[in-house]
Protein chains: 2
Amino acid sequence: MKRINTSIRAFSQSQSRRNGSPRLRWVLSAGSAILLAALLGAPLAGAAPELSKEENERAQFIYFDRCSGCHGALRKGATGPNITAEKMLKRKFAELEDSIFNGTDAGMPGWGRTGELTAAESTLMAKFVQLPAPIPPEMGLKAMKATHKVHVPVADRPTKPQHGRNIDNHFGVILRDAGQAAIVDGDTKKLISVMDSGHAVHIFRASATGRYFYTVGRDGKLNLIDLWEEKPRVVAESRVCLDARSVDVSKYKGPKGDFVDKYAVVGCYWPPQMVVVDGKTLEPIKVISTRSSTYDTNEYHPEPRVATIVASHHAPEWVVAIKETGLVWLVDYSDLDNLSMTQIATERFLHDGGFDATGRYLLIAANMRDQIVVVDTKKRKFVTKFETGVKPHPGRGANWVDPEYGPVSATTHLGEGLIAVYGSDPEGHPEHAWKVVREEETAGPGLFLKTHPKSNHVWTDSTLSKEEGVNQEICVFKKDDFAAGPNCWRAADHGKVVHFEYNKAGDEVWAAVWDKKGELIIYDDKTLKEKQRIKGDWLVTPTGKWNVYNTVNDIY
Amino acid sequence: MKRINTSIRAFSQSQSRRNGSPRLRWVLSAGSAILLAALLGAPLAGAAPELSKEENERAQFIYFDRCSGCHGALRKGATGPNITAEKMLKRKFAELEDSIFNGTDAGMPGWGRTGELTAAESTLMAKFVQLPAPIPPEMGLKAMKATHKVHVPVADRPTKPQHGRNIDNHFGVILRDAGQAAIVDGDTKKLISVMDSGHAVHIFRASATGRYFYTVGRDGKLNLIDLWEEKPRVVAESRVCLDARSVDVSKYKGPKGDFVDKYAVVGCYWPPQMVVVDGKTLEPIKVISTRSSTYDTNEYHPEPRVATIVASHHAPEWVVAIKETGLVWLVDYSDLDNLSMTQIATERFLHDGGFDATGRYLLIAANMRDQIVVVDTKKRKFVTKFETGVKPHPGRGANWVDPEYGPVSATTHLGEGLIAVYGSDPEGHPEHAWKVVREEETAGPGLFLKTHPKSNHVWTDSTLSKEEGVNQEICVFKKDDFAAGPNCWRAADHGKVVHFEYNKAGDEVWAAVWDKKGELIIYDDKTLKEKQRIKGDWLVTPTGKWNVYNTVNDIY
């Protein structure tokens, strides 16, 4: 184990703390731009390129797969900048190609460098973004219903688990580029099932009862996996978006009714909408458009995407973060025909987030604004927002009790190797609430952090680092001695290391090695020693993984 | 006085009661179609016409002024049918011209016949609708603020009325084609003030205190008129839509705060949105988009227009009817940054409506579906919907106590000369609630009906009738002998007679003669005798008129 060198920390971090105004972060890496342009016979800046039908179709798929997540289908920008054709035509073509192939210092991945795109594909994409964005079609209930299939009707499903495994400790694992989802037994570490899913599944969510896993592909395909089956399989499917990121279920049981697993909801990127489906059959029921105005300038936005959805434990509500408008919607699912919601103005370009330890406050990253926003789901109000670092990206976040500051939460960052820790106990520790109380360096810009109430450790990745080997590092902080900085080590010699999940007991941590020969690494949380490394032909580009119990109970 | 001939009653009324499914109502009147086509050298069906820049601009204005209200800016239809270019290109050109010039049996006005369009303009519009609909621009807060003017700052306004007149009995009068609004003293019947307003003001709404009148033009221009001034004038203005119909104020004072005259809200047709402004300065504050999915098929609609808005007397809420999606939104204005609303699924093509006598239930016409929908504003739920006749059009409606059926409400119809009366007392008379209990003929298809709690009469117009003189008739029913049918008489020998309003005392009724030499006719409500006829050069195309007291207190 080694301590990181402080020079790893990304540029502009100190500026970030000083200056709240938007700054130029998407700077071109100089590199081989001019050379590339000469080699490829690229068009001059300002001249609109031409593409064949085949090239156009290929470019549209690549754009959807690699670009639209950050830049938007209409290219108006969000986590990444606005890249409309008008703007891109003013750019030097060779520079455009270079930024696609090699990435930028501000967080754009180098798609050529990492092997996802060829040089020719980088050139194709540079041409594509100089052409007007094609507007994708709408998708309404009729089209959704045409995709709906129930493979095992509810009446034909088992009435009790058909096996003796411990479902609570099952893990759902994304096999991104294979378009598959795997179930692994967390007790035996054995693969139980691999199923075809939508393209590049973004998340798993467990049903409120823990019986089912829901997966949603980036192509909007929703699958329902029944964990009671001897070999878990997809028992229902439907496609409710053309581009999707989030799914959750109804969890409420109380005076307003029993909604446990009654509904699921999918958050779409395109069309910009959320879709309520039957929780046990995935039959599409209701479409709720998110097209609306920005919270601050009150200008109409044609593509406000659903960034994240979490189910409240307190009320029959979903908390839905709308990226481009900067609004958090609390959507009451107890009466879909008389649908109540509260639209809370927060900050623009909402991305991901999770609850504080009490489940009352939702902390969401407004990552292009370098801020975390706080919403009180009990009072249905905005609380505050505060700056953390360059593009915070908490995933669901991490909650623990700091010996000095009391209950805290934390985030990693896409734009720099930084973990920021902030007070999240306004009742018990108002002086620290919603203020950054600790900042420590990680190995580099990363995607996720994770902890567990029973652990003394906070795990961080540095997946987005461009330094050789650093994107394969893991850094772990001690809750009781945070200021000592992390223990960091290189966990793989290939791929990128990404995302952590605890087992149910909270004494093991799973990480993924993300490439075509992927691995799952399992660590002893107490000793930080590697316990096991799962390999296999089926482990194609593993990324996120979810433990059933921790997912049902929002343990992070 | 004479009794009407039953043959006046429009076609298809009996069918209407039998068959709930959509029927062909927009039938072409045969008439002079072939002759016209020969005379005007019209293009063949199927060939896309061409327009000069000037012709196109003229056609766009005429479309906005006369067509978009029923057919929509994007021509997808609502009160009128879908008239997309694709569909219109399949029509015979001469028939298109004829329907524009002469109108149709199903309720489309004959714009040539009534003198609003020339034959050449009818031909121009037939060409225009065969070309793709231009998409109007968006309008956000910045553009709105650029139009905002405060002519008299709040601090400079009088602290008490600067005159001895009885403001409660003032009338606001629309002078449609003059683009003006007039204030008339209901006691002296004297003109007090004429002010420039937006184009073709659609309604007046009195502020909750009764001090101010708000007017909104069909061009989205909002005016605030201070009735405390010696000569009432426009003290603030702003433009918040490109096409608008409705405005109301915040009226709530109670445990949630004092919102009396704090905000006003404008309902836009284009862009499809509602806009909250400061109640005393008209400064634009917040834009709420209405773009969303239809309540039934859950398909995205690009142009869901705000048909009508009323302020609840019970809660800090506006009740907002969204035409194309068939949703009624209850929008809570008590916390605009954490905005709560309930979206109630009802029926498509919502148009106009008002409260029952208790103020709890809102009755709104879904006029292309021949139905009235009922919303419970206390429980925030849909109650029911029921068929009445061909295109119900209640305005705010009319409420009274029927000797046989108890509390009832009523509507007139755009598509036939029919008044339908339905029970509106679900607690006291559940057996009659939301059922049509009486149907009587009026002189012809009309726009409005009106009554007053102190009156025994219900007044109806037949403004849309195409029979010579019938559109100048008034028919009055007796509440205590409704089945006897109406007293009808011809009230003018020019123009069209339209819209009624009571004075504050409830013993006088005002009607308008709608043409360039317009008149206001004032009747004694008890005797039905004409008391006075107001004429004057200023009375250019008077249409609606609003008594301050009755408007503040929702008396109808």
# chains A, B, ... in the order shown; residues from 1 in each chain; ligands from 1

$ interface_residues --of "chain B" --to "chain A" --cutoff "8 Å" --atoms "only C-alpha atoms" --output "PyMOL selection string"
chain B and resi 138-142+286-293+297-300+337-345+380-382

$ residues_around --residues "A:Ser52" --least-positions-apart "6" --cutoff "12 Å" --atoms "only C-alpha atoms" --output "PyMOL selection string"
chain A and resi 58-59+124+127-128

$ write_last_selection --atoms "N, CA, C and O atoms" --output "compact mmCIF listing (two decimals), in the first residue's frame"
# COMPACT_ATOMS: atom_id res chain seq x y z
N ARG A 58 -24.42 5.03 -38.27
CA ARG A 58 -23.37 4.63 -37.34
C ARG A 58 -23.08 5.77 -36.35
O ARG A 58 -22.98 5.55 -35.14
N ALA A 59 -23.00 6.99 -36.88
CA ALA A 59 -22.70 8.15 -36.03
C ALA A 59 -23.83 8.39 -35.02
O ALA A 59 -23.58 8.71 -33.85
N LEU A 124 -15.39 10.47 -37.92
CA LEU A 124 -16.83 10.44 -38.24
C LEU A 124 -17.62 11.29 -37.25
O LEU A 124 -18.49 12.09 -37.63
N LYS A 127 -17.30 14.98 -37.71
CA LYS A 127 -18.17 15.45 -38.79
C LYS A 127 -19.63 15.51 -38.33
O LYS A 127 -20.34 16.47 -38.59
N PHE A 128 -20.04 14.46 -37.63
CA PHE A 128 -21.44 14.35 -37.21
C PHE A 128 -21.86 15.56 -36.36
O PHE A 128 -22.95 16.10 -36.55

$ atom_distance --atom1 "atom CA of A:Ala433" --atom2 "atom CA of A:Ile555"
20.7 Å

$ residues_around --residues "B:Arg348" --least-positions-apart "6" --cutoff "10 Å" --atoms "only C-alpha atoms" --output "list of chain:residue names"
B:Ala78, B:Thr79, B:Thr294, B:Tyr295, B:Asp296, B:Ala321, B:Ile322, B:Lys323, B:Glu324, B:Thr325, B:Gly326, B:Leu327, B:Ala365, B:Ala366, B:Asn367, B:Met368, B:Arg369, B:Gln371, B:Val373

$ closest_residue --among "B:His199, B:His452, B:Lys529, B:Lys496" --to "B:Phe61" --atoms "only C-alpha atoms"
B:His199

$ select_by_dssp --residues "stretch 9-224 of chain A" --states "helix (DSSP H, G or I)" --output "number ranges by chain"
A: 13-18, 33-40, 53-71, 85-89, 93-102, 119-128, 141-146, 154-156, 167-169, 176-178

$ closest_residue --among "A:Arg165, A:Pro542, A:Pro304, A:Trp318" --to "A:Val201" --atoms "only C-alpha atoms"
A:Pro542

$ atom_distance --atom1 "atom CA of B:Tyr63" --atom2 "atom CA of B:Leu350"
21.1 Å

$ closest_residue --among "B:Ser462, B:Asn553, B:Asn223, B:Thr118" --to "B:Thr147" --atoms "only C-alpha atoms"
B:Asn223

$ select_by_dssp --residues "stretch 351-514 of chain A" --states "strand (DSSP E)" --output "PyMOL selection string"
chain A and resi 351-355+361-366+371-376+381-387+392-402+406-413+418-423+436-441+449-450+457-461+473-478+487-490+496-502+508-514

$ atom_distance --atom1 "atom CA of A:Pro136" --atom2 "atom CA of A:Ile309"
23.1 Å

$ closest_residue --among "B:Trp514, B:Phe213, B:Tyr549, B:Phe477" --to "B:Pro232" --atoms "only C-alpha atoms"
B:Phe213

$ closest_residue --among "B:Val152, B:Ala208, B:Ile100, B:Val129" --to "B:Gln60" --atoms "only C-alpha atoms"
B:Val129

$ residues_around --residues "B:Leu191" --least-positions-apart "6" --cutoff "10 Å" --atoms "only C-alpha atoms" --output "VMD selection string"
chain B and resid 170 to 171 182 to 185 534 536 538

$ residues_around --residues "B:Pro392" --least-positions-apart "6" --cutoff "10 Å" --atoms "only C-alpha atoms" --output "tab-separated table (two decimals) with N, CA and C atoms, in the first residue's frame"
chain	number	residue	atom	x	y	z
B	351	HIS	N	-62.42	23.68	-22.27
B	351	HIS	CA	-62.56	25.02	-22.81
B	351	HIS	C	-62.87	26.05	-21.72
B	352	ASP	N	-64.12	26.17	-21.31
B	352	ASP	CA	-64.46	27.18	-20.32
B	352	ASP	C	-65.31	26.58	-19.22
B	353	GLY	N	-65.41	27.29	-18.12
B	353	GLY	CA	-66.22	26.76	-17.04
B	353	GLY	C	-66.18	27.64	-15.81
B	364	ILE	N	-66.43	22.21	-16.12
B	364	ILE	CA	-65.72	22.71	-17.30
B	364	ILE	C	-66.19	21.94	-18.53
B	365	ALA	N	-66.36	22.67	-19.62
B	365	ALA	CA	-66.77	22.03	-20.87
B	365	ALA	C	-65.58	21.40	-21.56
B	366	ALA	N	-65.75	20.13	-21.94
B	366	ALA	CA	-64.81	19.47	-22.88
B	366	ALA	C	-65.55	19.52	-24.20
B	367	ASN	N	-65.48	20.65	-24.87
B	367	ASN	CA	-66.53	20.91	-25.86
B	367	ASN	C	-66.48	20.07	-27.11
B	368	MET	N	-65.29	19.65	-27.55
B	368	MET	CA	-65.25	18.75	-28.72
B	368	MET	C	-65.72	17.35	-28.35
B	369	ARG	N	-65.85	17.07	-27.07
B	369	ARG	CA	-66.36	15.76	-26.67
B	369	ARG	C	-67.80	15.84	-26.17
B	370	ASP	N	-68.41	17.04	-26.33
B	370	ASP	CA	-69.82	17.25	-25.97
B	370	ASP	C	-70.09	16.99	-24.49
B	371	GLN	N	-69.09	17.20	-23.67
B	371	GLN	CA	-69.24	16.84	-22.26
B	371	GLN	C	-68.91	17.99	-21.31
B	372	ILE	N	-69.47	17.87	-20.12
B	372	ILE	CA	-69.07	18.71	-18.99
B	372	ILE	C	-68.32	17.80	-18.02
B	410	ALA	N	-75.95	25.09	-15.51
B	410	ALA	CA	-76.40	24.97	-16.90
B	410	ALA	C	-75.36	25.47	-17.87
B	411	THR	N	-75.53	25.04	-19.13
B	411	THR	CA	-74.66	25.51	-20.21
B	411	THR	C	-75.46	25.72	-21.48
B	412	THR	N	-74.97	26.64	-22.31
B	412	THR	CA	-75.44	26.74	-23.70
B	412	THR	C	-74.47	25.95	-24.57
B	413	HIS	N	-74.69	25.98	-25.89
B	413	HIS	CA	-73.88	25.16	-26.80
B	413	HIS	C	-73.49	25.93	-28.05
B	414	LEU	N	-72.27	25.68	-28.49
B	414	LEU	CA	-71.79	26.28	-29.74
B	414	LEU	C	-72.42	25.62	-30.95
B	415	GLY	N	-72.78	24.34	-30.83
B	415	GLY	CA	-73.18	23.55	-31.98
B	415	GLY	C	-74.66	23.40	-32.16
B	416	GLU	N	-75.46	23.88	-31.20
B	416	GLU	CA	-76.91	23.78	-31.34
B	416	GLU	C	-77.57	24.74	-30.36
B	418	LEU	N	-79.35	24.98	-27.66
B	418	LEU	CA	-79.79	24.14	-26.54
B	418	LEU	C	-79.23	24.65	-25.23
B	419	ILE	N	-80.10	24.77	-24.23
B	419	ILE	CA	-79.61	24.95	-22.86
B	419	ILE	C	-79.82	23.62	-22.14
B	420	ALA	N	-78.74	23.12	-21.53
B	420	ALA	CA	-78.82	21.88	-20.76
B	420	ALA	C	-78.64	22.23	-19.30
B	445	PRO	N	-77.55	28.26	-31.89
B	445	PRO	CA	-76.23	28.05	-31.27
B	445	PRO	C	-75.70	29.36	-30.70
B	446	GLY	N	-75.19	29.32	-29.48
B	446	GLY	CA	-74.81	30.56	-28.82
B	446	GLY	C	-73.52	30.43	-28.06
B	447	LEU	N	-73.18	31.52	-27.37
B	447	LEU	CA	-71.93	31.56	-26.62
B	447	LEU	C	-72.14	31.58	-25.11
B	448	PHE	N	-73.15	32.30	-24.65
B	448	PHE	CA	-73.21	32.53	-23.20
B	448	PHE	C	-74.61	32.42	-22.63
